[in-house]
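Below: query_17.cif (mmCIF, C-alpha atoms)
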data_start
#
loop_
_atom_site.group_PDB
_atom_site.id
_atom_site.type_symbol
_atom_site.label_atom_id
_atom_site.label_comp_id
_atom_site.auth_asym_id
_atom_site.auth_seq_id
_atom_site.Cartn_x
_atom_site.Cartn_y
_atom_site.Cartn_z
ATOM 1 C CA MET A 19 20.952 -31.290 11.179
ATOM 2 C CA GLN A 20 21.384 -30.192 7.572
ATOM 3 C CA LEU A 21 18.376 -30.625 5.324
ATOM 4 C CA PRO A 22 18.921 -32.775 2.232
ATOM 5 C CA PRO A 23 19.023 -30.952 -1.112
ATOM 6 C CA PRO A 24 15.978 -31.152 -3.398
ATOM 7 C CA PRO A 25 15.886 -34.354 -5.426
ATOM 8 C CA GLN A 26 17.704 -34.002 -8.736
ATOM 9 C CA PRO A 27 14.742 -35.213 -10.852
ATOM 10 C CA ALA A 28 12.624 -32.334 -9.501
ATOM 11 C CA ILE A 29 15.312 -29.756 -10.342
ATOM 12 C CA ASP A 30 15.753 -31.243 -13.820
ATOM 13 C CA ALA A 31 11.996 -31.139 -14.409
ATOM 14 C CA PHE A 32 11.846 -27.489 -13.370
ATOM 15 C CA ARG A 33 14.702 -26.520 -15.666
ATOM 16 C CA SER A 34 13.331 -28.374 -18.669
ATOM 17 C CA ARG A 35 9.649 -27.475 -18.313
ATOM 18 C CA ILE A 36 9.644 -23.875 -17.010
ATOM 19 C CA ARG A 37 8.469 -21.388 -19.656
ATOM 20 C CA LEU A 38 8.429 -17.600 -19.905
ATOM 21 C CA ARG A 39 4.625 -17.672 -19.850
ATOM 22 C CA HIS A 40 4.813 -19.083 -16.301
ATOM 23 C CA LEU A 41 7.025 -16.213 -15.177
ATOM 24 C CA HIS A 42 5.034 -13.496 -16.954
ATOM 25 C CA CYS A 43 1.827 -14.809 -15.443
ATOM 26 C CA PHE A 44 3.268 -15.072 -11.938
ATOM 27 C CA VAL A 45 4.765 -11.572 -12.050
ATOM 28 C CA ALA A 46 1.498 -10.080 -13.344
ATOM 29 C CA VAL A 47 -0.538 -11.696 -10.564
ATOM 30 C CA ALA A 48 2.005 -10.692 -7.909
ATOM 31 C CA GLN A 49 1.833 -7.074 -9.056
ATOM 32 C CA ALA A 50 -1.936 -6.896 -9.603
ATOM 33 C CA GLN A 51 -2.735 -9.024 -6.524
ATOM 34 C CA HIS A 52 -5.768 -10.335 -8.376
ATOM 35 C CA LEU A 53 -6.203 -13.135 -10.931
ATOM 36 C CA GLY A 54 -8.826 -11.297 -12.968
ATOM 37 C CA ARG A 55 -6.873 -8.044 -13.266
ATOM 38 C CA ALA A 56 -3.716 -9.940 -14.159
ATOM 39 C CA GLY A 57 -5.651 -11.840 -16.824
ATOM 40 C CA GLU A 58 -6.839 -8.564 -18.361
ATOM 41 C CA GLN A 59 -3.246 -7.328 -18.575
ATOM 42 C CA LEU A 60 -2.087 -10.585 -20.170
ATOM 43 C CA GLY A 61 -5.090 -11.054 -22.456
ATOM 44 C CA LEU A 62 -6.006 -14.308 -20.689
ATOM 45 C CA THR A 63 -9.116 -15.587 -18.966
ATOM 46 C CA GLN A 64 -9.026 -16.037 -15.204
ATOM 47 C CA PRO A 65 -9.188 -19.869 -15.501
ATOM 48 C CA ALA A 66 -6.188 -19.748 -17.857
ATOM 49 C CA VAL A 67 -4.237 -17.645 -15.350
ATOM 50 C CA SER A 68 -5.151 -20.036 -12.545
ATOM 51 C CA LYS A 69 -4.087 -23.063 -14.615
ATOM 52 C CA THR A 70 -0.722 -21.482 -15.471
ATOM 53 C CA LEU A 71 -0.049 -20.674 -11.813
ATOM 54 C CA THR A 72 -0.936 -24.230 -10.804
ATOM 55 C CA GLU A 73 1.542 -25.566 -13.380
ATOM 56 C CA LEU A 74 4.222 -23.256 -12.000
ATOM 57 C CA GLU A 75 3.605 -24.283 -8.386
ATOM 58 C CA GLU A 76 3.829 -27.938 -9.389
ATOM 59 C CA LEU A 77 7.167 -27.270 -11.095
ATOM 60 C CA VAL A 78 8.492 -25.289 -8.143
ATOM 61 C CA GLY A 79 7.155 -27.801 -5.628
ATOM 62 C CA ALA A 80 5.826 -25.094 -3.314
ATOM 63 C CA ARG A 81 2.792 -22.874 -2.908
ATOM 64 C CA LEU A 82 3.618 -19.407 -4.210
ATOM 65 C CA LEU A 83 0.283 -17.621 -3.827
ATOM 66 C CA VAL A 84 -2.676 -17.680 -1.491
ATOM 67 C CA ARG A 85 -5.793 -17.215 -3.611
ATOM 68 C CA GLN A 86 -8.831 -15.601 -2.015
ATOM 69 C CA ARG A 87 -12.020 -14.072 -3.336
ATOM 70 C CA ALA A 88 -10.767 -10.543 -2.591
ATOM 71 C CA GLY A 89 -7.385 -11.112 -4.255
ATOM 72 C CA THR A 90 -4.067 -12.897 -3.894
ATOM 73 C CA THR A 91 -1.133 -12.641 -1.513
ATOM 74 C CA LEU A 92 2.364 -14.038 -1.859
ATOM 75 C CA THR A 93 3.648 -16.753 0.431
ATOM 76 C CA ALA A 94 7.198 -16.572 1.794
ATOM 77 C CA ALA A 95 8.294 -18.896 -1.027
ATOM 78 C CA GLY A 96 6.433 -16.675 -3.490
ATOM 79 C CA MET A 97 8.308 -13.587 -2.284
ATOM 80 C CA ARG A 98 11.650 -15.349 -2.773
ATOM 81 C CA PHE A 99 10.689 -16.648 -6.208
ATOM 82 C CA LEU A 100 9.355 -13.230 -7.300
ATOM 83 C CA ARG A 101 12.786 -11.606 -6.954
ATOM 84 C CA HIS A 102 14.238 -13.990 -9.528
ATOM 85 C CA ALA A 103 11.189 -14.003 -11.807
ATOM 86 C CA LEU A 104 11.201 -10.196 -11.956
ATOM 87 C CA ARG A 105 14.872 -10.108 -12.848
ATOM 88 C CA ILE A 106 14.380 -12.594 -15.679
ATOM 89 C CA VAL A 107 11.331 -10.783 -17.096
ATOM 90 C CA GLU A 108 13.080 -7.399 -16.921
ATOM 91 C CA ASP A 109 16.192 -8.808 -18.614
ATOM 92 C CA ILE A 110 14.059 -10.267 -21.417
ATOM 93 C CA ASP A 111 12.303 -6.901 -21.869
ATOM 94 C CA ALA A 112 15.648 -5.089 -21.927
ATOM 95 C CA ALA A 113 16.968 -7.536 -24.538
ATOM 96 C CA ALA A 114 13.880 -6.964 -26.693
ATOM 97 C CA ASP A 115 14.291 -3.192 -26.398
ATOM 98 C CA SER A 116 17.924 -3.438 -27.430
ATOM 99 C CA LEU A 117 16.964 -5.332 -30.591
ATOM 100 C CA ALA A 118 14.091 -3.002 -31.433
ATOM 101 C CA ALA A 119 16.141 0.176 -31.235
ATOM 102 C CA THR A 120 19.649 0.212 -29.860
ATOM 103 C CA ASP A 121 19.720 3.992 -29.689
ATOM 104 C CA ALA A 122 16.206 4.468 -28.329
ATOM 105 C CA THR A 123 15.783 6.743 -25.341
ATOM 106 C CA ARG A 124 15.199 4.826 -22.131
ATOM 107 C CA HIS A 125 11.759 5.545 -20.695
ATOM 108 C CA GLU A 126 11.773 6.226 -16.970
ATOM 109 C CA ARG A 127 9.190 4.498 -14.803
ATOM 110 C CA ILE A 128 8.864 4.788 -11.027
ATOM 111 C CA ARG A 129 6.953 2.212 -9.007
ATOM 112 C CA VAL A 130 5.431 3.783 -5.900
ATOM 113 C CA GLY A 131 3.610 2.135 -3.008
ATOM 114 C CA ALA A 132 1.473 4.025 -0.500
ATOM 115 C CA LEU A 133 -0.828 3.381 2.415
ATOM 116 C CA PRO A 134 -4.499 3.923 1.460
ATOM 117 C CA SER A 135 -4.769 6.754 4.003
ATOM 118 C CA ILE A 136 -1.898 8.583 2.277
ATOM 119 C CA VAL A 137 -3.479 8.542 -1.182
ATOM 120 C CA PRO A 138 -6.143 11.302 -0.829
ATOM 121 C CA ALA A 139 -3.719 13.944 0.436
ATOM 122 C CA LEU A 140 0.054 13.490 0.434
ATOM 123 C CA LEU A 141 0.355 11.129 -2.530
ATOM 124 C CA LEU A 142 -2.187 12.952 -4.692
ATOM 125 C CA ASP A 143 -0.493 16.316 -4.103
ATOM 126 C CA ALA A 144 2.974 14.842 -4.686
ATOM 127 C CA VAL A 145 1.986 13.046 -7.893
ATOM 128 C CA THR A 146 0.264 16.170 -9.244
ATOM 129 C CA ALA A 147 3.319 18.340 -8.543
ATOM 130 C CA PHE A 148 5.769 15.756 -9.901
ATOM 131 C CA ARG A 149 3.886 15.262 -13.166
ATOM 132 C CA THR A 150 3.997 19.012 -13.748
ATOM 133 C CA THR A 151 7.794 19.000 -13.703
ATOM 134 C CA HIS A 152 8.358 15.489 -15.120
ATOM 135 C CA PRO A 153 5.494 14.783 -17.579
ATOM 136 C CA GLU A 154 7.607 12.245 -19.484
ATOM 137 C CA VAL A 155 8.079 9.937 -16.478
ATOM 138 C CA ALA A 156 5.637 7.058 -16.022
ATOM 139 C CA LEU A 157 4.353 6.421 -12.501
ATOM 140 C CA ALA A 158 2.937 3.076 -11.377
ATOM 141 C CA VAL A 159 1.123 3.535 -8.064
ATOM 142 C CA GLN A 160 -0.049 0.736 -5.788
ATOM 143 C CA SER A 161 -1.762 1.061 -2.423
ATOM 144 C CA GLY A 162 -1.984 -1.587 0.264
ATOM 145 C CA MET A 163 -1.438 -2.539 3.874
ATOM 146 C CA ASN A 164 1.949 -1.606 5.321
ATOM 147 C CA ARG A 165 3.351 -5.143 5.542
ATOM 148 C CA THR A 166 2.249 -5.927 1.980
ATOM 149 C CA LEU A 167 4.007 -2.823 0.676
ATOM 150 C CA ILE A 168 7.166 -3.727 2.595
ATOM 151 C CA ASP A 169 7.164 -7.218 1.093
ATOM 152 C CA LEU A 170 6.718 -5.798 -2.420
ATOM 153 C CA LEU A 171 9.539 -3.317 -1.814
ATOM 154 C CA LYS A 172 11.866 -6.112 -0.711
ATOM 155 C CA ALA A 173 10.860 -8.169 -3.736
ATOM 156 C CA ASP A 174 11.770 -5.254 -6.037
ATOM 157 C CA VAL A 175 8.185 -4.828 -7.234
ATOM 158 C CA LEU A 176 8.250 -1.262 -5.849
ATOM 159 C CA ASP A 177 11.006 1.369 -5.881
ATOM 160 C CA VAL A 178 9.823 3.513 -2.977
ATOM 161 C CA VAL A 179 7.011 3.315 -0.427
ATOM 162 C CA ILE A 180 5.232 5.923 1.664
ATOM 163 C CA GLY A 181 4.440 3.916 4.767
ATOM 164 C CA ARG A 182 5.095 3.302 8.450
ATOM 165 C CA MET A 183 7.817 1.727 10.517
ATOM 166 C CA ASP A 184 7.238 -1.955 11.205
ATOM 167 C CA ASP A 185 8.848 -4.471 13.529
ATOM 168 C CA PRO A 186 12.639 -4.974 13.219
ATOM 169 C CA ALA A 187 12.355 -8.268 11.339
ATOM 170 C CA ALA A 188 10.111 -6.746 8.676
ATOM 171 C CA MET A 189 12.324 -3.651 8.367
ATOM 172 C CA GLU A 190 15.528 -5.626 7.834
ATOM 173 C CA GLY A 191 17.253 -4.454 4.681
ATOM 174 C CA LEU A 192 15.146 -1.284 4.435
ATOM 175 C CA TRP A 193 15.863 2.376 5.081
ATOM 176 C CA PHE A 194 13.208 4.610 6.676
ATOM 177 C CA GLU A 195 13.154 8.402 6.389
ATOM 178 C CA SER A 196 10.568 10.010 8.676
ATOM 179 C CA LEU A 197 8.314 12.632 7.089
ATOM 180 C CA ALA A 198 5.786 13.407 9.831
ATOM 181 C CA ALA A 199 4.040 12.021 12.897
ATOM 182 C CA GLU A 200 0.441 11.451 11.858
ATOM 183 C CA PRO A 201 -2.307 11.301 14.506
ATOM 184 C CA LEU A 202 -5.613 9.481 14.425
ATOM 185 C CA VAL A 203 -8.640 11.762 14.102
ATOM 186 C CA LEU A 204 -12.401 11.382 14.419
ATOM 187 C CA ALA A 205 -14.321 12.929 11.529
ATOM 188 C CA VAL A 206 -17.988 13.407 10.665
ATOM 189 C CA ARG A 207 -19.878 14.986 7.776
ATOM 190 C CA ALA A 208 -20.607 18.693 7.885
ATOM 191 C CA GLY A 209 -23.938 19.159 9.663
ATOM 192 C CA HIS A 210 -23.614 16.009 11.779
ATOM 193 C CA PRO A 211 -25.185 16.419 15.262
ATOM 194 C CA LEU A 212 -21.814 15.761 16.904
ATOM 195 C CA ALA A 213 -20.291 18.635 14.918
ATOM 196 C CA ALA A 214 -22.667 21.036 16.670
ATOM 197 C CA GLN A 215 -21.559 19.947 20.146
ATOM 198 C CA PRO A 216 -18.832 22.191 21.600
ATOM 199 C CA ARG A 217 -17.019 19.350 23.404
ATOM 200 C CA PRO A 218 -18.172 15.879 22.323
ATOM 201 C CA THR A 219 -16.720 12.996 24.332
ATOM 202 C CA LEU A 220 -15.745 9.471 23.358
ATOM 203 C CA ARG A 221 -18.938 8.315 25.047
ATOM 204 C CA ASP A 222 -20.821 10.476 22.548
ATOM 205 C CA VAL A 223 -18.736 9.089 19.687
ATOM 206 C CA VAL A 224 -19.357 5.389 20.370
ATOM 207 C CA ALA A 225 -23.099 6.036 20.507
ATOM 208 C CA TRP A 226 -22.977 6.518 16.728
ATOM 209 C CA PRO A 227 -22.092 4.034 13.966
ATOM 210 C CA MET A 228 -18.365 3.992 13.238
ATOM 211 C CA VAL A 229 -16.159 3.447 10.211
ATOM 212 C CA VAL A 230 -12.821 2.094 11.447
ATOM 213 C CA PRO A 231 -9.480 0.960 9.930
ATOM 214 C CA ALA A 232 -8.998 -2.648 8.887
ATOM 215 C CA VAL A 233 -7.925 -5.309 11.369
ATOM 216 C CA GLY A 234 -4.153 -5.711 11.577
ATOM 217 C CA SER A 235 -3.350 -2.108 10.651
ATOM 218 C CA ILE A 236 -1.607 0.369 12.945
ATOM 219 C CA PRO A 237 -4.516 2.871 12.743
ATOM 220 C CA ARG A 238 -6.875 0.095 13.867
ATOM 221 C CA HIS A 239 -4.637 -0.620 16.868
ATOM 222 C CA SER A 240 -4.533 3.110 17.648
ATOM 223 C CA THR A 241 -8.328 3.319 17.487
ATOM 224 C CA GLU A 242 -8.856 0.409 19.865
ATOM 225 C CA SER A 243 -6.138 1.674 22.234
ATOM 226 C CA LEU A 244 -7.649 5.171 22.329
ATOM 227 C CA LEU A 245 -11.070 3.815 23.249
ATOM 228 C CA ALA A 246 -9.654 1.333 25.767
ATOM 229 C CA ARG A 247 -7.744 4.079 27.609
ATOM 230 C CA HIS A 248 -11.085 5.740 28.313
ATOM 231 C CA GLY A 249 -12.928 2.542 29.193
ATOM 232 C CA PHE A 250 -14.690 1.961 25.874
ATOM 233 C CA ALA A 251 -14.635 -0.658 23.124
ATOM 234 C CA LEU A 252 -15.589 -0.481 19.475
ATOM 235 C CA PRO A 253 -19.388 -0.377 19.138
ATOM 236 C CA GLU A 254 -21.243 -3.253 17.515
ATOM 237 C CA GLY A 255 -21.702 -3.161 13.770
ATOM 238 C CA CYS A 256 -18.606 -1.149 12.831
ATOM 239 C CA LEU A 257 -17.702 -0.993 9.165
ATOM 240 C CA GLU A 258 -14.032 -1.951 8.767
ATOM 241 C CA THR A 259 -12.053 -0.826 5.725
ATOM 242 C CA ALA A 260 -8.533 0.110 4.654
ATOM 243 C CA ASP A 261 -9.981 2.047 1.708
ATOM 244 C CA ALA A 262 -9.793 5.774 2.493
ATOM 245 C CA TYR A 263 -12.068 6.645 -0.425
ATOM 246 C CA LEU A 264 -14.797 4.311 0.818
ATOM 247 C CA GLY A 265 -14.401 5.596 4.373
ATOM 248 C CA ARG A 266 -14.823 9.166 3.177
ATOM 249 C CA LEU A 267 -17.937 8.378 1.095
ATOM 250 C CA LEU A 268 -19.629 6.455 3.902
ATOM 251 C CA THR A 269 -18.959 9.276 6.351
ATOM 252 C CA GLN A 270 -20.146 12.031 4.027
ATOM 253 C CA GLN A 271 -23.336 10.210 3.082
ATOM 254 C CA GLY A 272 -24.407 9.024 6.535
ATOM 255 C CA ASP A 273 -24.111 9.583 10.262
ATOM 256 C CA SER A 274 -21.037 7.470 10.944
ATOM 257 C CA VAL A 275 -17.970 8.694 12.800
ATOM 258 C CA TRP A 276 -14.820 7.937 10.845
ATOM 259 C CA ALA A 277 -11.695 6.992 12.825
ATOM 260 C CA ALA A 278 -8.857 7.540 10.388
ATOM 261 C CA PRO A 279 -5.311 8.852 10.007
ATOM 262 C CA LEU A 280 -5.278 12.613 9.576
ATOM 263 C CA SER A 281 -4.091 12.572 5.966
ATOM 264 C CA ALA A 282 -7.100 10.494 4.887
ATOM 265 C CA THR A 283 -9.474 13.272 5.981
ATOM 266 C CA ARG A 284 -7.478 16.411 5.176
ATOM 267 C CA ARG A 285 -8.835 17.176 1.697
ATOM 268 C CA ALA A 286 -12.493 16.673 2.690
ATOM 269 C CA VAL A 287 -12.031 18.787 5.821
ATOM 270 C CA ALA A 288 -10.296 21.562 3.873
ATOM 271 C CA GLY A 289 -13.195 21.532 1.402
ATOM 272 C CA GLY A 290 -15.768 21.928 4.164
ATOM 273 C CA GLU A 291 -17.340 18.544 3.478
ATOM 274 C CA MET A 292 -16.216 17.004 6.774
ATOM 275 C CA VAL A 293 -15.424 18.210 10.291
ATOM 276 C CA LEU A 294 -12.818 16.936 12.745
ATOM 277 C CA LEU A 295 -14.315 16.404 16.182
ATOM 278 C CA PRO A 296 -12.400 18.227 18.963
ATOM 279 C CA VAL A 297 -11.698 14.969 20.803
ATOM 280 C CA ASP A 298 -8.246 14.514 22.324
ATOM 281 C CA THR A 299 -6.446 11.732 20.443
ATOM 282 C CA GLN A 300 -2.992 12.436 21.878
ATOM 283 C CA GLY A 301 -0.842 9.335 21.940
ATOM 284 C CA THR A 302 -2.091 7.972 18.618
ATOM 285 C CA GLU A 303 0.633 9.614 16.519
ATOM 286 C CA GLU A 304 2.511 7.268 14.198
ATOM 287 C CA PRO A 305 5.519 8.196 12.043
ATOM 288 C CA ILE A 306 4.927 8.269 8.294
ATOM 289 C CA GLY A 307 7.966 8.115 6.064
ATOM 290 C CA LEU A 308 9.697 7.050 2.884
ATOM 291 C CA LEU A 309 10.903 3.463 2.723
ATOM 292 C CA ARG A 310 13.390 2.086 0.246
ATOM 293 C CA ARG A 311 15.868 -0.747 0.070
ATOM 294 C CA SER A 312 19.147 -0.048 1.828
ATOM 295 C CA ASP A 313 21.180 -2.001 -0.725
ATOM 296 C CA ARG A 314 20.494 0.410 -3.563
ATOM 297 C CA THR A 315 20.337 4.129 -4.290
ATOM 298 C CA LEU A 316 17.366 5.762 -5.973
ATOM 299 C CA GLY A 317 18.007 7.008 -9.488
ATOM 300 C CA PRO A 318 17.914 10.762 -10.204
ATOM 301 C CA VAL A 319 14.285 10.771 -11.327
ATOM 302 C CA ALA A 320 13.069 8.623 -8.413
ATOM 303 C CA GLU A 321 15.020 10.859 -6.046
ATOM 304 C CA ALA A 322 13.268 13.874 -7.590
ATOM 305 C CA LEU A 323 9.926 12.256 -6.746
ATOM 306 C CA ALA A 324 11.124 11.586 -3.198
ATOM 307 C CA GLU A 325 12.111 15.246 -2.863
ATOM 308 C CA THR A 326 8.661 16.276 -4.074
ATOM 309 C CA ILE A 327 7.072 14.049 -1.440
ATOM 310 C CA ARG A 328 9.297 15.581 1.240
ATOM 311 C CA GLY A 329 8.250 19.071 0.193
ATOM 312 C CA ILE A 330 4.536 18.262 0.242
ATOM 313 C CA ALA A 331 4.840 16.619 3.664
ATOM 314 C CA ALA A 332 6.715 19.637 5.050
ATOM 315 C CA ALA A 333 4.004 21.964 3.736
ATOM 316 C CA HIS A 334 1.289 20.123 5.659
ATOM 317 C CA PRO A 335 2.523 19.445 9.195
ATOM 318 C CA ALA A 336 0.080 17.611 11.463
ATOM 319 C CA GLU A 337 -0.575 20.650 13.621
ATOM 320 C CA SER A 338 -1.734 22.881 10.779
ATOM 321 C CA MET A 339 -3.869 20.140 9.255
ATOM 322 C CA THR A 340 -5.626 19.556 12.572
ATOM 323 C CA ARG A 341 -6.674 23.175 12.766
ATOM 324 C CA ARG A 342 -8.335 23.124 9.349
#
Structure translated into C-alpha cells:
Amino acid sequence: MQLPPPPQPAIDAFRSRIRLRHLHCFVAVAQAQHLGRAGEQLGLTQPAVSKTLTELEELVGARLLVRQRAGTTLTAAGMRFLRHALRIVEDIDAAADSLAATDATRHERIRVGALPSIVPALLLDAVTAFRTTHPEVALAVQSGMNRTLIDLLKADVLDVVIGRMDDPAAMEGLWFESLAAEPLVLAVRAGHPLAAQPRPTLRDVVAWPMVVPAVGSIPRHSTESLLARHGFALPEGCLETADAYLGRLLTQQGDSVWAAPLSATRRAVAGGEMVLLPVDTQGTEEPIGLLRRSDRTLGPVAEALAETIRGIAAAHPAESMTRR
C-alpha cells in the first residue's frame, strides 16, 4: 500500500518559514555533536540553539536529533536532512566567496574522521607528516564510534574516515581499503606488579581493575569474547570508555589493566611509560582501513593525505608494534 504524500499545507509552511539560521544551526550541531559547542561556534547561547532546532523540527515534522547530556546524535531523518542542509550551506558560502573575490585562491580543507584508538598513533603521525608537506591545507578532525563516523561520511560531513568494516547495510555506498589488522592488547603502567610476572594469565588480569572499550564497539566485543573463550567475564567495577587519552591516563596513574586496540597504546609503550602484557590475544584482530564514499573520488590533496596515512600504517605493522 502506497503511503499518502505529506499534506500540502505542511509543505507550504516549510517552504515559507524555513530560514538559513535554521540550517546553519542544524549543521553546526550535527558537526559538533553538542549544543554548547555548536552555540560557541555560532555565537549563540545553548537555549537559543535548542529553540532554533525545535523550530526546525516543527517545520520538518520529524525529530532530527536525539539530545542527551553527553551530546547529540542524528536520527535517520536527521541524516537524510543533513545531506541537503549541507549542500545549501556550502552553496551559500561559495556564492559569498565568489562575490568577495572572484579570483581568490580556493582554500583546501579536508574533513577527517577517526576512531579514538587511532588518534594517539596512526592519525597523529599522519597529520604531523602531512602538515609538513602541505602546511596551507586546513584539516578538520573528528573522532567517534565507528557507526557514527560512517553515518557522517555518508552525510558528506566527512571526506575520509580511518575506521573498521561494519555490517553490509551500514557499508552500503562506501569503499573500504584495508590498512592493517589490529589486535587487542592488555597494557599496564611501567612498574605494575603484572609487568614483573614472566607469564601472567587472564586469571591474573581479571583480578585487577580494568579499563575497557565502550559498549557497542568492536574492541569491547573482542575483549568480552577473549575472556569468555577462557571461561572469564569482565570483573565488577570496570571503567568503560571510548576515549583513548583517558584510558591511557587512568592506566598510567593507577593499577588498572587497559584492554585496548594496539594503536591506542603504541606511543606510550614506545616511550617506556606502559608495558604490553605477554598474554595471547590471538583471534582479536580487526581490520583497520580507509573509508570513503564510492560515488565520488578524493581530490588531489585529500588523496595525498590518504597516501600519507597508508605510508604511516605500512611503517608500523602490528607485529613490530607488539614487540615494542
For Ala332 (chain A), find every residue with an atom within 8 Å (counting all atoms listed in the file), except residues of its own chain fewer than 3 positions away, and show them as a tab-separated table (two decimals) with C-alpha atoms, keeping the file's coordinate frame.
chain	number	residue	atom	x	y	z
A	197	LEU	CA	8.31	12.63	7.09
A	198	ALA	CA	5.79	13.41	9.83
A	328	ARG	CA	9.30	15.58	1.24
A	329	GLY	CA	8.25	19.07	0.19
A	335	PRO	CA	2.52	19.44	9.20
From the options A:Met189, A:Val47, A:Gly209, A:Val297, which residue's atoms come nearest to Asp273 (chain A), counting all atoms listed in the file? A:Gly209
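Using all atoms listed in the file, the shortest contact distance between Ala322 (chain A) and any of A:Ala277, A:Val178, A:Val206, A:Leu192 is found at A:Val178.
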If you measure from CA of Asp109 (chain A) to CA of Ala94 (chain A), what distance in Å do you get, rounded to one decimal? 23.6 Å
Once the PyMOL selection byres ((chain A and resi 166) around 12) has been evaluated on this model, what residues remain selected, and can you format them as a PyMOL selection string? chain A and resi 48-49+51+90-94+97+131-134+160-165+167-173+175-176+179+181-182+184+188+234-235
Can you tell me which residues surround region 56-59 of chain A at a distance of at most 12 Å, considering all atoms listed in the file, apart from same-chain residues fewer than 5 positions away, and format the answer as a tab-separated table (two decimals) with C-alpha atoms, in the coordinates of the input?
chain	number	residue	atom	x	y	z
A	42	HIS	CA	5.03	-13.50	-16.95
A	43	CYS	CA	1.83	-14.81	-15.44
A	44	PHE	CA	3.27	-15.07	-11.94
A	45	VAL	CA	4.76	-11.57	-12.05
A	46	ALA	CA	1.50	-10.08	-13.34
A	47	VAL	CA	-0.54	-11.70	-10.56
A	48	ALA	CA	2.00	-10.69	-7.91
A	49	GLN	CA	1.83	-7.07	-9.06
A	50	ALA	CA	-1.94	-6.90	-9.60
A	51	GLN	CA	-2.74	-9.02	-6.52
A	64	GLN	CA	-9.03	-16.04	-15.20
A	65	PRO	CA	-9.19	-19.87	-15.50
A	66	ALA	CA	-6.19	-19.75	-17.86
A	67	VAL	CA	-4.24	-17.64	-15.35
A	68	SER	CA	-5.15	-20.04	-12.54
A	69	LYS	CA	-4.09	-23.06	-14.62
A	70	THR	CA	-0.72	-21.48	-15.47
A	71	LEU	CA	-0.05	-20.67	-11.81
A	89	GLY	CA	-7.38	-11.11	-4.26
A	90	THR	CA	-4.07	-12.90	-3.89
Given the PyMOL selection byres ((chain A and resi 137-140) around 10) and the file above, list the residues it selects as JSON, numbers by chain. {"A": [131, 132, 133, 134, 135, 136, 141, 142, 143, 144, 145, 159, 160, 161, 180, 261, 262, 263, 266, 280, 281, 282, 283, 284, 285, 286, 327, 328, 329, 330, 331, 333, 334]}
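Selection result for the displayed file, with the PyMOL selection byres ((chain A and resi 196) around 9) as criterion, is Arg182, Met183, Phe194, Glu195, Leu197, Ala198, Ala199, Pro305, Ile306, Gly307, Leu308 and Leu309 of chain A.
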Report as an MDAnalysis selection string all protein, DNA and RNA residues lying within 12 Å of Met228 (chain A), evaluated on all atoms listed in the file, omitting residues in the same chain fewer than 5 positions from it. chainID A and resid 204:206 220 222:223 241 251:259 265:266 268:269 272:278
Serialized selection, C-alpha atoms, as a PDB file, keeping the file's coordinate frame:
ATOM      1  CA  LEU A 204     -12.401  11.382  14.419  1.00  0.00           C
ATOM      2  CA  ALA A 205     -14.321  12.929  11.529  1.00  0.00           C
ATOM      3  CA  VAL A 206     -17.988  13.407  10.665  1.00  0.00           C
ATOM      4  CA  LEU A 220     -15.745   9.471  23.358  1.00  0.00           C
ATOM      5  CA  ASP A 222     -20.821  10.476  22.548  1.00  0.00           C
ATOM      6  CA  VAL A 223     -18.736   9.089  19.687  1.00  0.00           C
ATOM      7  CA  THR A 241      -8.328   3.319  17.487  1.00  0.00           C
ATOM      8  CA  ALA A 251     -14.635  -0.658  23.124  1.00  0.00           C
ATOM      9  CA  LEU A 252     -15.589  -0.481  19.475  1.00  0.00           C
ATOM     10  CA  PRO A 253     -19.388  -0.377  19.138  1.00  0.00           C
ATOM     11  CA  GLU A 254     -21.243  -3.253  17.515  1.00  0.00           C
ATOM     12  CA  GLY A 255     -21.702  -3.161  13.770  1.00  0.00           C
ATOM     13  CA  CYS A 256     -18.606  -1.149  12.831  1.00  0.00           C
ATOM     14  CA  LEU A 257     -17.702  -0.993   9.165  1.00  0.00           C
ATOM     15  CA  GLU A 258     -14.032  -1.951   8.767  1.00  0.00           C
ATOM     16  CA  THR A 259     -12.053  -0.826   5.725  1.00  0.00           C
ATOM     17  CA  GLY A 265     -14.401   5.596   4.373  1.00  0.00           C
ATOM     18  CA  ARG A 266     -14.823   9.166   3.177  1.00  0.00           C
ATOM     19  CA  LEU A 268     -19.629   6.455   3.902  1.00  0.00           C
ATOM     20  CA  THR A 269     -18.959   9.276   6.351  1.00  0.00           C
ATOM     21  CA  GLY A 272     -24.407   9.024   6.535  1.00  0.00           C
ATOM     22  CA  ASP A 273     -24.111   9.583  10.262  1.00  0.00           C
ATOM     23  CA  SER A 274     -21.037   7.470  10.944  1.00  0.00           C
ATOM     24  CA  VAL A 275     -17.970   8.694  12.800  1.00  0.00           C
ATOM     25  CA  TRP A 276     -14.820   7.937  10.845  1.00  0.00           C
ATOM     26  CA  ALA A 277     -11.695   6.992  12.825  1.00  0.00           C
ATOM     27  CA  ALA A 278      -8.857   7.540  10.388  1.00  0.00           C
TER      28      ALA A 278
END
